[in-house]
Amino acid sequence: MRKGIEYWHFAKTRASYSTHSSHLKASNRLKAQIAHLSRPAAACSSMCPQTVTKARELLNSISPLPKVLVLDLDYTIWPFWCEMHTVNDTPTLYPQADAIIDACRERNIIIAAASRTPTPEVASAFMQRLGLDKKFDNIQLIPARDGLDAYSSQKDMCHLPNIKIATGCSYADMLFLDDELGNVAKVSRLGVCSVLVPTNVGLCLKTFKQGLQLYAAEHQ
């Protein structure tokens with residue numbers, strides 16, 4: 001399995017907040033996920049022993065488990081857009097994200113990142129600062145050619161195929177978490193179990209449990 005960070009620099013524009021209007025076209029299934037995960041996550045340090053223990057318990061209680069966990073970055077593992085920051089800023093994760101990632105690593109689940117941020121240099125710097133570059137087995141930081149446009153560098157056409165090649169795992173072996181409905185819909189059509197992550201909770205135990213349960217149900 002090849003380990004590394006891949007990203008390309010294109011002419012960038014600041015991502016427009018209006019991009020998220022496309023979320024109105026969500027399917028009923030994805031809307032139900034929003035309602036299911038609408039309550040804020042409980043405050044807890046990312047490495048709180050209780051969070052780590054609960055993540056381990058989830059992994060022990062659900063079968064089969066995915067071989068690969070593919071995570072978006074912005075508003076999935078951290079609560080911001082990278083393009084709103086510089087490489088000199090200090091990043092933070094969602095409270096329970098790091099513990100969940102560590103628990104997956106203990107079970108030898110491959111961790112991969114799939115991000116379309118228009119500032120991959122900021123994302124890369126933040127991952128190094130947080131020690132995530134050592135925890136992720138493959139990092140795909142491939143920005144859209146023109147910010148978050150709807151045509152270039154789509155995750156189903158670029159990021160996930162690269163992860164499939166790098167890990168040697170099939171799409172059916174993957175669990176994908178992302179906060180954008182469009183990405184979830186497109187990647188799910190590859191045969192990847194895909195779960196929407198509401199931005200008010202990010203990668204938390206509740207989101208993680210939903211993803212594991214959905215993956216297990218699809219592989220019975």
# chains A, B, ... in the order shown; residues from 1 in each chain; ligands from 1
>>> residues_around(residues="Ala217 of chain A", least_positions_apart="4", cutoff="10 Å", atoms="only C-alpha atoms", output="PyMOL selection string")
chain A and resi 62-64+211-213
>>> select_by_dssp(residues="segment 32-193 of chain A", states="helix (DSSP H, G or I)", output="short mmCIF file (atom, residue, chain, number, x, y, z; two decimals) with all heavy atoms, in the first residue's frame")
data_model
loop_
_atom_site.label_atom_id
_atom_site.label_comp_id
_atom_site.auth_asym_id
_atom_site.auth_seq_id
_atom_site.Cartn_x
_atom_site.Cartn_y
_atom_site.Cartn_z
N ALA A 32 -32.96 12.49 5.92
CA ALA A 32 -33.24 11.76 7.15
C ALA A 32 -31.99 11.66 8.01
O ALA A 32 -32.06 11.68 9.24
CB ALA A 32 -33.76 10.36 6.82
N GLN A 33 -30.83 11.56 7.38
CA GLN A 33 -29.60 11.51 8.14
C GLN A 33 -29.37 12.81 8.89
O GLN A 33 -28.90 12.82 10.03
CB GLN A 33 -28.41 11.25 7.21
CG GLN A 33 -28.36 9.85 6.64
CD GLN A 33 -27.11 9.63 5.83
OE1 GLN A 33 -26.07 10.20 6.10
NE2 GLN A 33 -27.20 8.78 4.82
N ILE A 34 -29.73 13.94 8.25
CA ILE A 34 -29.57 15.23 8.91
C ILE A 34 -30.42 15.29 10.16
O ILE A 34 -29.98 15.69 11.22
CB ILE A 34 -29.96 16.39 7.96
CG1 ILE A 34 -29.00 16.45 6.78
CG2 ILE A 34 -29.97 17.72 8.71
CD1 ILE A 34 -29.37 17.49 5.76
N ALA A 35 -31.68 14.87 10.04
CA ALA A 35 -32.58 14.90 11.18
C ALA A 35 -32.10 13.99 12.29
O ALA A 35 -32.18 14.31 13.47
CB ALA A 35 -33.99 14.49 10.74
N HIS A 36 -31.55 12.84 11.89
CA HIS A 36 -31.10 11.86 12.87
C HIS A 36 -29.92 12.37 13.69
O HIS A 36 -29.76 12.02 14.85
CB HIS A 36 -30.70 10.58 12.14
CG HIS A 36 -30.23 9.48 13.05
ND1 HIS A 36 -31.04 8.88 13.97
CD2 HIS A 36 -29.01 8.89 13.17
CE1 HIS A 36 -30.37 7.95 14.63
NE2 HIS A 36 -29.12 7.95 14.16
N PRO A 49 -10.59 9.79 27.66
CA PRO A 49 -10.64 8.32 27.78
C PRO A 49 -12.02 7.75 27.52
O PRO A 49 -12.15 6.66 26.95
CB PRO A 49 -10.20 8.08 29.23
CG PRO A 49 -9.35 9.26 29.56
CD PRO A 49 -9.98 10.43 28.84
N GLN A 50 -13.07 8.47 27.91
CA GLN A 50 -14.42 7.99 27.69
C GLN A 50 -14.73 7.88 26.21
O GLN A 50 -15.35 6.92 25.75
CB GLN A 50 -15.43 8.92 28.36
CG GLN A 50 -16.88 8.45 28.23
CD GLN A 50 -17.85 9.43 28.88
OE1 GLN A 50 -17.49 10.56 29.20
NE2 GLN A 50 -19.07 8.98 29.09
N THR A 51 -14.27 8.86 25.42
CA THR A 51 -14.49 8.83 23.98
C THR A 51 -13.75 7.67 23.33
O THR A 51 -14.30 6.96 22.48
CB THR A 51 -14.03 10.15 23.34
OG1 THR A 51 -14.68 11.24 23.98
CG2 THR A 51 -14.39 10.17 21.85
N VAL A 52 -12.50 7.48 23.72
CA VAL A 52 -11.71 6.38 23.17
C VAL A 52 -12.36 5.05 23.51
O VAL A 52 -12.49 4.16 22.64
CB VAL A 52 -10.27 6.43 23.72
CG1 VAL A 52 -9.49 5.22 23.22
CG2 VAL A 52 -9.58 7.72 23.31
N THR A 53 -12.80 4.89 24.74
CA THR A 53 -13.43 3.64 25.17
C THR A 53 -14.70 3.36 24.38
O THR A 53 -14.94 2.23 23.93
CB THR A 53 -13.75 3.70 26.68
OG1 THR A 53 -12.53 3.86 27.41
CG2 THR A 53 -14.45 2.43 27.13
N LYS A 54 -15.53 4.39 24.21
CA LYS A 54 -16.79 4.20 23.48
C LYS A 54 -16.53 3.89 22.00
O LYS A 54 -17.26 3.09 21.41
CB LYS A 54 -17.66 5.43 23.63
CG LYS A 54 -18.26 5.59 25.02
CD LYS A 54 -19.22 6.76 25.09
CE LYS A 54 -19.88 6.85 26.46
NZ LYS A 54 -20.83 7.98 26.55
N ALA A 55 -15.51 4.50 21.43
CA ALA A 55 -15.18 4.20 20.04
C ALA A 55 -14.73 2.75 19.91
O ALA A 55 -15.11 2.05 18.95
CB ALA A 55 -14.09 5.15 19.55
N ARG A 56 -13.93 2.29 20.86
CA ARG A 56 -13.50 0.89 20.84
C ARG A 56 -14.68 -0.05 21.00
O ARG A 56 -14.75 -1.10 20.33
CB ARG A 56 -12.49 0.65 21.96
CG ARG A 56 -11.14 1.30 21.74
CD ARG A 56 -10.30 1.24 23.00
NE ARG A 56 -8.97 1.79 22.81
CZ ARG A 56 -8.19 2.19 23.80
NH1 ARG A 56 -8.62 2.09 25.07
NH2 ARG A 56 -6.99 2.67 23.57
N GLU A 57 -15.61 0.31 21.88
CA GLU A 57 -16.79 -0.53 22.10
C GLU A 57 -17.64 -0.62 20.83
O GLU A 57 -18.16 -1.69 20.49
CB GLU A 57 -17.62 0.04 23.24
CG GLU A 57 -16.98 -0.12 24.61
CD GLU A 57 -17.73 0.59 25.71
OE1 GLU A 57 -18.67 1.36 25.39
OE2 GLU A 57 -17.40 0.38 26.90
N LEU A 58 -17.77 0.48 20.11
CA LEU A 58 -18.52 0.46 18.85
C LEU A 58 -17.86 -0.49 17.85
O LEU A 58 -18.52 -1.30 17.20
CB LEU A 58 -18.59 1.87 18.26
CG LEU A 58 -19.61 2.83 18.85
CD1 LEU A 58 -19.47 4.21 18.23
CD2 LEU A 58 -21.03 2.30 18.63
N LEU A 59 -16.56 -0.38 17.74
CA LEU A 59 -15.83 -1.23 16.80
C LEU A 59 -15.92 -2.70 17.18
O LEU A 59 -15.91 -3.58 16.31
CB LEU A 59 -14.37 -0.78 16.72
CG LEU A 59 -14.14 0.57 16.04
CD1 LEU A 59 -12.73 1.09 16.32
CD2 LEU A 59 -14.37 0.45 14.54
N ASN A 60 -16.01 -2.98 18.47
CA ASN A 60 -16.11 -4.36 18.93
C ASN A 60 -17.52 -4.93 18.78
O ASN A 60 -17.69 -6.15 18.75
CB ASN A 60 -15.69 -4.46 20.40
CG ASN A 60 -14.20 -4.27 20.59
OD1 ASN A 60 -13.40 -4.57 19.69
ND2 ASN A 60 -13.81 -3.77 21.75
N SER A 61 -18.51 -4.05 18.72
CA SER A 61 -19.90 -4.50 18.73
C SER A 61 -20.53 -4.63 17.35
O SER A 61 -21.62 -5.18 17.21
CB SER A 61 -20.75 -3.55 19.57
OG SER A 61 -20.82 -2.26 18.97
N CYS A 82 -10.60 25.45 5.26
CA CYS A 82 -9.17 25.78 5.26
C CYS A 82 -8.89 27.09 4.53
O CYS A 82 -7.95 27.81 4.90
CB CYS A 82 -8.38 24.64 4.61
SG CYS A 82 -8.14 23.22 5.68
N GLU A 83 -9.67 27.40 3.50
CA GLU A 83 -9.40 28.61 2.73
C GLU A 83 -9.66 29.89 3.51
O GLU A 83 -9.29 30.99 3.06
CB GLU A 83 -10.21 28.62 1.42
CG GLU A 83 -11.71 28.61 1.60
CD GLU A 83 -12.28 27.21 1.49
OE1 GLU A 83 -11.61 26.26 1.92
OE2 GLU A 83 -13.40 27.09 0.95
N MET A 84 -10.26 29.76 4.67
CA MET A 84 -10.49 30.92 5.54
C MET A 84 -9.32 31.14 6.51
O MET A 84 -9.37 32.01 7.37
CB MET A 84 -11.78 30.76 6.33
CG MET A 84 -13.01 30.47 5.48
SD MET A 84 -13.33 31.76 4.25
CE MET A 84 -13.85 33.10 5.30
N ALA A 97 -13.13 13.60 17.16
CA ALA A 97 -12.57 13.07 15.91
C ALA A 97 -11.28 12.30 16.12
O ALA A 97 -11.11 11.19 15.57
CB ALA A 97 -12.36 14.21 14.92
N ASP A 98 -10.35 12.86 16.88
CA ASP A 98 -9.03 12.23 17.02
C ASP A 98 -9.13 10.87 17.71
O ASP A 98 -8.45 9.91 17.31
CB ASP A 98 -8.11 13.15 17.81
CG ASP A 98 -6.64 12.88 17.52
OD1 ASP A 98 -6.34 12.33 16.45
OD2 ASP A 98 -5.80 13.22 18.37
N ALA A 99 -9.98 10.77 18.72
CA ALA A 99 -10.13 9.50 19.43
C ALA A 99 -10.71 8.41 18.52
O ALA A 99 -10.32 7.25 18.59
CB ALA A 99 -11.02 9.69 20.66
N ILE A 100 -11.64 8.80 17.67
CA ILE A 100 -12.24 7.85 16.73
C ILE A 100 -11.20 7.37 15.73
O ILE A 100 -11.11 6.16 15.42
CB ILE A 100 -13.45 8.49 16.02
CG1 ILE A 100 -14.59 8.70 17.01
CG2 ILE A 100 -13.91 7.63 14.83
CD1 ILE A 100 -15.73 9.54 16.48
N ILE A 101 -10.40 8.29 15.22
CA ILE A 101 -9.34 7.92 14.28
C ILE A 101 -8.36 6.95 14.94
O ILE A 101 -7.96 5.94 14.35
CB ILE A 101 -8.63 9.18 13.77
CG1 ILE A 101 -9.57 9.99 12.87
CG2 ILE A 101 -7.35 8.83 13.02
CD1 ILE A 101 -9.07 11.37 12.52
N ASP A 102 -7.97 7.25 16.18
CA ASP A 102 -7.03 6.37 16.89
C ASP A 102 -7.62 4.99 17.13
O ASP A 102 -6.92 3.97 17.00
CB ASP A 102 -6.63 7.01 18.21
CG ASP A 102 -5.61 8.12 18.05
OD1 ASP A 102 -5.10 8.29 16.92
OD2 ASP A 102 -5.32 8.81 19.04
N ALA A 103 -8.90 4.93 17.47
CA ALA A 103 -9.55 3.64 17.71
C ALA A 103 -9.58 2.81 16.43
O ALA A 103 -9.39 1.59 16.47
CB ALA A 103 -10.96 3.85 18.25
N CYS A 104 -9.80 3.46 15.30
CA CYS A 104 -9.79 2.75 14.02
C CYS A 104 -8.40 2.23 13.69
O CYS A 104 -8.25 1.11 13.18
CB CYS A 104 -10.30 3.67 12.91
SG CYS A 104 -12.06 4.02 12.96
N ARG A 105 -7.41 3.02 13.98
CA ARG A 105 -6.03 2.59 13.73
C ARG A 105 -5.67 1.36 14.57
O ARG A 105 -4.95 0.47 14.11
CB ARG A 105 -5.06 3.73 14.01
CG ARG A 105 -5.03 4.79 12.93
CD ARG A 105 -4.26 6.04 13.37
NE ARG A 105 -2.95 5.71 13.92
CZ ARG A 105 -1.86 5.46 13.19
NH1 ARG A 105 -1.94 5.49 11.87
NH2 ARG A 105 -0.71 5.18 13.76
N GLU A 106 -6.20 1.31 15.78
CA GLU A 106 -5.95 0.14 16.64
C GLU A 106 -6.51 -1.13 16.02
O GLU A 106 -5.99 -2.22 16.26
CB GLU A 106 -6.59 0.36 18.01
CG GLU A 106 -5.89 1.40 18.87
CD GLU A 106 -6.61 1.64 20.18
OE1 GLU A 106 -7.65 0.97 20.43
OE2 GLU A 106 -6.14 2.48 20.97
N PRO A 120 -4.87 23.51 -0.54
CA PRO A 120 -4.31 22.25 -0.04
C PRO A 120 -3.07 22.46 0.81
O PRO A 120 -2.77 21.65 1.69
CB PRO A 120 -3.99 21.46 -1.31
CG PRO A 120 -3.86 22.49 -2.38
CD PRO A 120 -4.84 23.55 -2.03
N GLU A 121 -2.34 23.56 0.57
CA GLU A 121 -1.15 23.82 1.38
C GLU A 121 -1.53 24.11 2.83
O GLU A 121 -0.79 23.74 3.76
CB GLU A 121 -0.34 24.97 0.79
CG GLU A 121 -0.96 26.35 0.87
CD GLU A 121 -2.03 26.60 -0.18
OE1 GLU A 121 -2.28 25.71 -1.02
OE2 GLU A 121 -2.62 27.69 -0.16
N VAL A 122 -2.68 24.74 3.06
CA VAL A 122 -3.14 25.00 4.42
C VAL A 122 -3.58 23.68 5.07
O VAL A 122 -3.22 23.40 6.22
CB VAL A 122 -4.30 26.01 4.43
CG1 VAL A 122 -4.85 26.19 5.86
CG2 VAL A 122 -3.83 27.36 3.89
N ALA A 123 -4.34 22.89 4.34
CA ALA A 123 -4.80 21.59 4.88
C ALA A 123 -3.61 20.71 5.24
O ALA A 123 -3.60 20.06 6.28
CB ALA A 123 -5.70 20.90 3.86
N SER A 124 -2.60 20.68 4.37
CA SER A 124 -1.42 19.86 4.63
C SER A 124 -0.68 20.34 5.88
O SER A 124 -0.27 19.53 6.71
CB SER A 124 -0.49 19.91 3.42
OG SER A 124 0.67 19.14 3.63
N ALA A 125 -0.54 21.67 6.01
CA ALA A 125 0.14 22.22 7.18
C ALA A 125 -0.63 21.91 8.46
O ALA A 125 -0.04 21.58 9.50
CB ALA A 125 0.29 23.74 7.02
N PHE A 126 -1.97 22.00 8.39
CA PHE A 126 -2.79 21.71 9.57
C PHE A 126 -2.69 20.24 9.97
O PHE A 126 -2.63 19.90 11.14
CB PHE A 126 -4.24 22.10 9.31
CG PHE A 126 -4.50 23.58 9.38
CD1 PHE A 126 -3.48 24.48 9.60
CD2 PHE A 126 -5.79 24.07 9.21
CE1 PHE A 126 -3.73 25.85 9.67
CE2 PHE A 126 -6.05 25.43 9.28
CZ PHE A 126 -5.00 26.33 9.51
N MET A 127 -2.70 19.34 8.97
CA MET A 127 -2.59 17.92 9.29
C MET A 127 -1.25 17.61 9.95
O MET A 127 -1.19 16.81 10.89
CB MET A 127 -2.78 17.09 8.02
CG MET A 127 -4.19 17.19 7.43
SD MET A 127 -4.54 15.92 6.21
CE MET A 127 -4.84 14.50 7.25
N GLN A 128 -0.20 18.24 9.49
CA GLN A 128 1.10 18.03 10.11
C GLN A 128 1.11 18.58 11.53
O GLN A 128 1.64 17.95 12.46
CB GLN A 128 2.19 18.71 9.28
CG GLN A 128 2.42 18.04 7.93
CD GLN A 128 3.47 18.75 7.10
OE1 GLN A 128 4.47 19.23 7.63
NE2 GLN A 128 3.25 18.83 5.79
N ARG A 129 0.52 19.78 11.73
CA ARG A 129 0.51 20.40 13.05
C ARG A 129 -0.26 19.58 14.06
O ARG A 129 0.06 19.54 15.24
CB ARG A 129 -0.08 21.81 12.93
CG ARG A 129 0.20 22.71 14.13
CD ARG A 129 0.05 24.16 13.74
NE ARG A 129 1.02 24.52 12.73
CZ ARG A 129 0.80 25.42 11.77
NH1 ARG A 129 -0.35 26.04 11.69
NH2 ARG A 129 1.75 25.69 10.90
N LEU A 132 -1.79 14.48 12.20
CA LEU A 132 -2.64 13.60 11.40
C LEU A 132 -1.92 13.03 10.19
O LEU A 132 -2.34 12.01 9.65
CB LEU A 132 -3.89 14.36 10.94
CG LEU A 132 -4.84 14.82 12.05
CD1 LEU A 132 -5.99 15.63 11.47
CD2 LEU A 132 -5.36 13.63 12.85
N ASP A 133 -0.86 13.69 9.75
CA ASP A 133 -0.10 13.17 8.61
C ASP A 133 0.50 11.81 8.94
O ASP A 133 0.76 11.01 8.04
CB ASP A 133 0.99 14.15 8.19
CG ASP A 133 1.97 14.47 9.31
OD1 ASP A 133 1.51 14.61 10.47
OD2 ASP A 133 3.18 14.57 9.03
N LYS A 134 0.71 11.54 10.24
CA LYS A 134 1.24 10.25 10.66
C LYS A 134 0.14 9.23 10.93
O LYS A 134 0.40 8.04 11.05
CB LYS A 134 2.10 10.42 11.91
CG LYS A 134 3.32 11.30 11.71
CD LYS A 134 4.10 11.47 12.99
CE LYS A 134 5.36 12.30 12.78
NZ LYS A 134 5.05 13.67 12.35
N LYS A 155 -14.86 14.01 -6.22
CA LYS A 155 -14.33 12.95 -5.37
C LYS A 155 -14.57 11.56 -5.95
O LYS A 155 -13.77 10.65 -5.74
CB LYS A 155 -14.91 13.06 -3.96
CG LYS A 155 -14.44 14.31 -3.25
CD LYS A 155 -14.80 14.34 -1.79
CE LYS A 155 -14.27 15.61 -1.14
NZ LYS A 155 -14.55 15.70 0.30
N ASP A 156 -15.66 11.39 -6.69
CA ASP A 156 -15.92 10.08 -7.29
C ASP A 156 -15.05 9.83 -8.51
O ASP A 156 -14.87 8.68 -8.92
CB ASP A 156 -17.40 9.96 -7.68
CG ASP A 156 -17.84 11.03 -8.66
OD1 ASP A 156 -17.37 12.18 -8.55
OD2 ASP A 156 -18.69 10.74 -9.53
N MET A 157 -14.48 10.89 -9.09
CA MET A 157 -13.65 10.76 -10.28
C MET A 157 -12.15 10.84 -9.98
O MET A 157 -11.34 10.34 -10.77
CB MET A 157 -14.02 11.85 -11.29
CG MET A 157 -15.46 11.81 -11.75
SD MET A 157 -15.85 10.29 -12.65
CE MET A 157 -14.88 10.53 -14.14
N CYS A 158 -11.78 11.47 -8.89
CA CYS A 158 -10.35 11.68 -8.58
C CYS A 158 -9.94 11.06 -7.25
O CYS A 158 -9.12 10.14 -7.21
CB CYS A 158 -10.04 13.18 -8.57
SG CYS A 158 -10.27 14.01 -10.15
N HIS A 159 -10.50 11.55 -6.16
CA HIS A 159 -10.02 11.17 -4.83
C HIS A 159 -10.22 9.69 -4.53
O HIS A 159 -9.26 9.00 -4.15
CB HIS A 159 -10.74 12.00 -3.76
CG HIS A 159 -10.59 13.47 -3.92
ND1 HIS A 159 -11.21 14.17 -4.94
CD2 HIS A 159 -9.92 14.39 -3.18
CE1 HIS A 159 -10.90 15.46 -4.83
NE2 HIS A 159 -10.12 15.62 -3.77
N LEU A 160 -11.47 9.21 -4.67
CA LEU A 160 -11.74 7.81 -4.32
C LEU A 160 -11.03 6.82 -5.24
O LEU A 160 -10.48 5.82 -4.76
CB LEU A 160 -13.24 7.56 -4.29
CG LEU A 160 -13.96 7.82 -2.96
CD1 LEU A 160 -13.52 6.81 -1.90
CD2 LEU A 160 -13.77 9.23 -2.46
N PRO A 161 -10.98 7.06 -6.56
CA PRO A 161 -10.20 6.15 -7.40
C PRO A 161 -8.73 6.10 -7.00
O PRO A 161 -8.11 5.03 -7.02
CB PRO A 161 -10.38 6.74 -8.81
CG PRO A 161 -11.72 7.40 -8.76
CD PRO A 161 -11.79 7.99 -7.38
N ASN A 162 -8.15 7.25 -6.62
CA ASN A 162 -6.76 7.26 -6.17
C ASN A 162 -6.57 6.45 -4.89
O ASN A 162 -5.58 5.73 -4.72
CB ASN A 162 -6.30 8.69 -5.94
CG ASN A 162 -6.06 9.45 -7.23
OD1 ASN A 162 -6.07 8.87 -8.31
ND2 ASN A 162 -5.85 10.76 -7.12
N ILE A 163 -7.54 6.59 -3.97
CA ILE A 163 -7.46 5.84 -2.72
C ILE A 163 -7.61 4.34 -2.98
O ILE A 163 -6.93 3.51 -2.37
CB ILE A 163 -8.54 6.34 -1.74
CG1 ILE A 163 -8.20 7.76 -1.28
CG2 ILE A 163 -8.67 5.41 -0.53
CD1 ILE A 163 -9.31 8.45 -0.52
N LYS A 164 -8.48 4.00 -3.91
CA LYS A 164 -8.67 2.59 -4.27
C LYS A 164 -7.36 1.99 -4.78
O LYS A 164 -6.97 0.88 -4.39
CB LYS A 164 -9.76 2.48 -5.33
CG LYS A 164 -10.08 1.07 -5.80
CD LYS A 164 -11.27 1.12 -6.77
CE LYS A 164 -11.66 -0.28 -7.24
NZ LYS A 164 -10.68 -0.81 -8.21
N ILE A 165 -6.67 2.72 -5.64
CA ILE A 165 -5.41 2.23 -6.19
C ILE A 165 -4.34 2.16 -5.10
O ILE A 165 -3.61 1.16 -4.98
CB ILE A 165 -4.93 3.15 -7.33
CG1 ILE A 165 -5.89 3.04 -8.53
CG2 ILE A 165 -3.51 2.80 -7.75
CD1 ILE A 165 -5.63 4.07 -9.61
N ALA A 166 -4.26 3.20 -4.27
CA ALA A 166 -3.21 3.27 -3.25
C ALA A 166 -3.35 2.20 -2.18
O ALA A 166 -2.36 1.66 -1.69
CB ALA A 166 -3.20 4.66 -2.60
N THR A 167 -4.60 1.89 -1.80
CA THR A 167 -4.82 0.92 -0.72
C THR A 167 -4.97 -0.50 -1.21
O THR A 167 -4.79 -1.45 -0.44
CB THR A 167 -6.09 1.30 0.07
OG1 THR A 167 -7.23 1.21 -0.80
CG2 THR A 167 -5.99 2.70 0.65
N TYR A 171 -14.10 -0.54 -3.57
CA TYR A 171 -15.03 0.46 -3.06
C TYR A 171 -15.96 -0.14 -2.00
O TYR A 171 -16.35 0.54 -1.05
CB TYR A 171 -15.87 1.04 -4.20
CG TYR A 171 -15.09 1.91 -5.16
CD1 TYR A 171 -15.24 1.78 -6.54
CD2 TYR A 171 -14.20 2.88 -4.68
CE1 TYR A 171 -14.55 2.60 -7.42
CE2 TYR A 171 -13.49 3.68 -5.55
CZ TYR A 171 -13.67 3.55 -6.93
OH TYR A 171 -12.97 4.35 -7.79
N ALA A 172 -16.29 -1.40 -2.17
CA ALA A 172 -17.18 -2.07 -1.22
C ALA A 172 -16.55 -2.20 0.16
O ALA A 172 -17.26 -2.43 1.14
CB ALA A 172 -17.59 -3.44 -1.75
N ASP A 173 -15.23 -2.05 0.24
CA ASP A 173 -14.53 -2.17 1.52
C ASP A 173 -14.42 -0.84 2.26
O ASP A 173 -13.82 -0.77 3.33
CB ASP A 173 -13.10 -2.70 1.30
CG ASP A 173 -13.09 -4.13 0.81
OD1 ASP A 173 -13.99 -4.90 1.20
OD2 ASP A 173 -12.18 -4.49 0.04
N LEU A 181 -23.66 17.05 0.67
CA LEU A 181 -24.60 16.09 0.10
C LEU A 181 -24.18 15.63 -1.29
O LEU A 181 -24.32 14.45 -1.63
CB LEU A 181 -25.99 16.72 0.04
CG LEU A 181 -26.67 17.00 1.38
CD1 LEU A 181 -27.89 17.87 1.17
CD2 LEU A 181 -27.04 15.72 2.06
N GLY A 182 -23.68 16.57 -2.10
CA GLY A 182 -23.27 16.20 -3.45
C GLY A 182 -22.17 15.17 -3.46
O GLY A 182 -22.20 14.21 -4.25
N ASN A 183 -21.20 15.33 -2.59
CA ASN A 183 -20.10 14.36 -2.51
C ASN A 183 -20.60 13.00 -2.05
O ASN A 183 -20.19 11.96 -2.58
CB ASN A 183 -19.03 14.86 -1.55
CG ASN A 183 -18.29 16.08 -2.05
OD1 ASN A 183 -18.17 16.29 -3.26
ND2 ASN A 183 -17.79 16.89 -1.14
N VAL A 184 -21.48 13.00 -1.05
CA VAL A 184 -22.02 11.74 -0.54
C VAL A 184 -22.79 11.00 -1.63
O VAL A 184 -22.64 9.79 -1.82
CB VAL A 184 -22.92 12.00 0.69
CG1 VAL A 184 -23.66 10.73 1.09
CG2 VAL A 184 -22.09 12.51 1.86
N ALA A 185 -23.61 11.73 -2.37
CA ALA A 185 -24.42 11.11 -3.42
C ALA A 185 -23.54 10.53 -4.53
O ALA A 185 -23.76 9.40 -4.99
CB ALA A 185 -25.40 12.13 -3.99
N LYS A 186 -22.54 11.29 -4.97
CA LYS A 186 -21.69 10.84 -6.07
C LYS A 186 -20.83 9.65 -5.67
O LYS A 186 -20.72 8.67 -6.42
CB LYS A 186 -20.80 11.99 -6.55
CG LYS A 186 -21.54 13.09 -7.27
CD LYS A 186 -20.62 14.24 -7.61
CE LYS A 186 -21.38 15.36 -8.31
NZ LYS A 186 -20.49 16.51 -8.60
N VAL A 187 -20.23 9.71 -4.49
CA VAL A 187 -19.37 8.62 -4.05
C VAL A 187 -20.17 7.35 -3.78
O VAL A 187 -19.71 6.24 -4.05
CB VAL A 187 -18.56 9.04 -2.81
CG1 VAL A 187 -17.82 7.85 -2.21
CG2 VAL A 187 -17.56 10.14 -3.17
N SER A 188 -21.38 7.50 -3.28
CA SER A 188 -22.21 6.32 -3.02
C SER A 188 -22.52 5.56 -4.30
O SER A 188 -22.69 4.34 -4.27
CB SER A 188 -23.51 6.73 -2.31
OG SER A 188 -24.32 7.51 -3.16
#
>>> select_by_dssp(residues="segment 133-211 of chain A", states="strand (DSSP E or B)", output="ChimeraX atom specification")
/A:138-141,174-178,193-196
>>> atom_distance(atom1="atom CA of Phe136 of chain A", atom2="atom CA of Ala113 of chain A")
7.1 Å
>>> closest_residue(among="A:Cys48, A:Ile110, A:Ile142, A:Leu69", to="Leu175 of chain A", atoms="only C-alpha atoms")
A:Leu69
